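Written below as structure tokens is the structure these notes are about.
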Amino acid sequence: MSNELPKPGAKLKIKKLIDPEVVLHPTISKWRNELVFDPLLYKSLGETQIAPIVFRQLGEKVELLAGSRRYFHQKLRGVSFDDLHKDVRENVSDRDALLLAASENIFREDFSPWEEARVINDLLSVGKMKVKDVAEHLGKSQAYVTSRRALLALPAKVQARFEKKSIAIGYAVPVKKLTKFPEAQKDLLEKIVEGGYSGIKTIEAADTYVTNLLDSVKEHEALLKAYGPCIAPGCGSKDIVLSRWGDGNRLSCNKCGHEWHKDTKEPWKFFELKQEAQKQGFNVEVNAEDFIMTPKDVVEMQERKERMEREKTEEETQQWAEKFRSPILIEEIVIPMLPGNVQKVVVDGNRIEIELIESSELYFKGLKKDYKAGEKGRIEVTYGGDKQVTSEKVHKIIDEITSASSS
Ligand SMILES: [Zn+2]
């Protein structure tokens with residue numbers, strides 16, 4: 001018996017300790033993270049060793065199948081091979097050797113999920129067993145077997161995170177599905193760790209999250225393949241969506257909000273105005289690169305449209321104009337800046353929002369209230385975060401923008 005014992009937790013020198021007649025199994029010997037000195041085990045083996053160490057006869061040698069910790073601690077105690085409490089089995093097939101070692105090891109409390117994962121993975125790959133059979137043999141569910149195997153398929157960094165944050169192993173299956181998207185995978189792990197109100201609390205929820213994400217990725221990829229990324233200057237975002245409403249020709253960018261016609265690539269508002277113009281008899285030339293309607297054309301068109309409306313319901317229109325906090329129609333403010341300057345137009349029920357390209361700080365928010373019911377409608381203009389912008393200031397800014405873009 002050596003009096004130079006390793007420090008607790010120190011790695012055991014296997015090559016020095018092993019008996020000449022003993023060989024290690026190439027697969028089974030890799031299941032354990034590493035063999036380290038355990039003073040408690042060392043002490044208990046001095047008193048008694050209840051379970052035998054299991055070997056199989058392999059020609060002249062014996063191969064260690066189960067009880068490697070006990071074996072090497074006994075060797076450390078100076079016990080000879082002949083004096084070991086052991087069970088040497090004859091005629092054990094390769095597959096049975098794996099199964100035997102697995103059953104011996106997997107129910108030990110000190111076996112980590114990662115060690116279990118290696119056992120299960122080897123039974124499936126080296127042992128060529130089916131998930132169903134492994135589950136039956138180990139007395140576990142098939143989902144248990146699948147989730148253990150999924151652990152090993154995760155990138156090393158993610159595996160480390162599972163261990164460090166004690167994430168439930170069942171999450172390995174949904175997390176693994178995002179291996180192609182490391183950023184999204186990291187995000188999902190954070191949501192799982194976070195738990196609580198905004199995080200992910202169940203494996204089912206994680207699975208739904210992943211399924212939805214992958215569906216949306218597929219959808220985006222199909223759109224990109226057909227139409228390319230966002231065409232707004234300097235954007236190029238891949239996060240584009242095809243509108244489910246209307247004629248299905250409108251693409252919009254979730255990043256910058258730009259909307260355009262999927263085939264002609266015209267800004268959507270232009271496309272709509274152009275159609276309106278054609279309805280009213282304007283001769284509009286269509287060219288995806290160069291939309292030739294001049295600002296004057298658009299103003300004329302809009303004036304004509306308004307005149308027609310005014311003639312139709314003059315009295316009501318008069319009443320409407322009076323009740324506006326600002327008598328200026330939102331269209332009137334924006335149209336002089338067309339074309340080429342509208343970044344985003346949202347018409348949602350009675351709400352209108354307009355963002356400009358050339359002066360992104362100037363932002364219009366209009367409300368199309370039901371003027372028949374006598375409610376006030378209003379236009380809100382913000383400039384660089386300032387909400388107290390007078391209409392004079394707005395007109396001054398607009399003049400600056402339009403003179404700059406026409407010069
Ligand atoms: Zn964009």
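Please note that chains go A, B, ... in the order of the structure tokens, that every chain numbers its residues from 1, and that ligands are numbered from 1 in the order shown.
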Contacts to ligand 1 at 7 Å cut-off (only C-alpha atoms and all ligand atoms) as a CSV table (one decimal) with N, CA and C atoms, in the first residue's frame:
chain,number,residue,atom,x,y,z
A,230,CYS,N,-34.7,44.1,-48.0
A,230,CYS,CA,-35.3,45.4,-48.0
A,230,CYS,C,-34.6,46.3,-49.0
A,231,ILE,N,-35.3,47.1,-49.8
A,231,ILE,CA,-34.7,47.9,-50.8
A,231,ILE,C,-34.5,49.4,-50.4
A,232,ALA,N,-34.9,49.7,-49.1
A,232,ALA,CA,-34.8,51.1,-48.6
A,232,ALA,C,-33.3,51.4,-48.6
A,235,CYS,N,-30.7,50.1,-45.8
A,235,CYS,CA,-31.3,49.1,-44.9
A,235,CYS,C,-30.8,47.7,-45.2
A,236,GLY,N,-31.4,47.1,-46.3
A,236,GLY,CA,-31.0,45.8,-46.7
A,236,GLY,C,-31.4,44.7,-45.7
A,237,SER,N,-32.3,45.0,-44.8
A,237,SER,CA,-32.7,44.0,-43.8
A,237,SER,C,-33.4,42.8,-44.4
A,253,CYS,N,-40.8,46.1,-44.6
A,253,CYS,CA,-39.6,45.7,-43.9
A,253,CYS,C,-39.9,45.9,-42.4
A,254,ASN,N,-39.6,44.9,-41.6
A,254,ASN,CA,-39.9,45.0,-40.2
A,254,ASN,C,-38.9,45.9,-39.5
A,255,LYS,N,-37.7,46.1,-40.1
A,255,LYS,CA,-36.7,46.9,-39.5
A,255,LYS,C,-36.9,48.4,-39.6
A,256,CYS,N,-37.1,48.8,-40.9
A,256,CYS,CA,-37.2,50.2,-41.1
A,256,CYS,C,-38.6,50.7,-41.5
A,257,GLY,N,-39.5,49.7,-41.7
A,257,GLY,CA,-40.9,50.1,-42.0
A,257,GLY,C,-41.2,50.4,-43.4
A,258,HIS,N,-40.1,50.4,-44.3
A,258,HIS,CA,-40.4,50.7,-45.7
A,258,HIS,C,-41.3,49.7,-46.3
Give me the residues near Leu17 in chain A as number ranges by chain, where near means some atom within 10 Å (using only C-alpha atoms) and where sequence neighbours in that chain fewer than 4 positions away do not count. A: 12-13, 71-76, 78
Length of the CA of Lys262 in chain A to CA of Tyr227 in chain A vector [Å]: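 We find that CA of Lys262 in chain A and CA of Tyr227 in chain A lie 6.7 Å from each other.
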Counting only C-alpha atoms, what is within 12 Å of range 38-48 of chain A, bar same-chain residues fewer than 3 positions away, as number ranges by chain? A: 1, 5-12, 34-35, 51-52, 67, 69-79, 84-85, 110
Which distance in Å separates CA of Arg95 in chain A and CA of Asp122 in chain A, to one decimal?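 Between CA of Arg95 in chain A and CA of Asp122 in chain A the gap works out to 10.2 Å.
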May I have the residues within 12 Å of Glu272 in chain A as an MDAnalysis selection string, using only C-alpha atoms and disregarding those fewer than 2 positions away in the same chain? chainID A and resid 246:247 249:250 259:261 266:270 274:279 298 345
Would you kindly return, as a list in words, each protein, DNA or RNA residue with an atom no farther than 7 Å from any atom of range 123-132 of chain A, considering only C-alpha atoms and excluding same-chain residues fewer than 2 positions away? Arg95, Leu98, Val119, Ile120, Asn121, Val134, Ala135, Glu136, Gln142 and Val145 of chain A
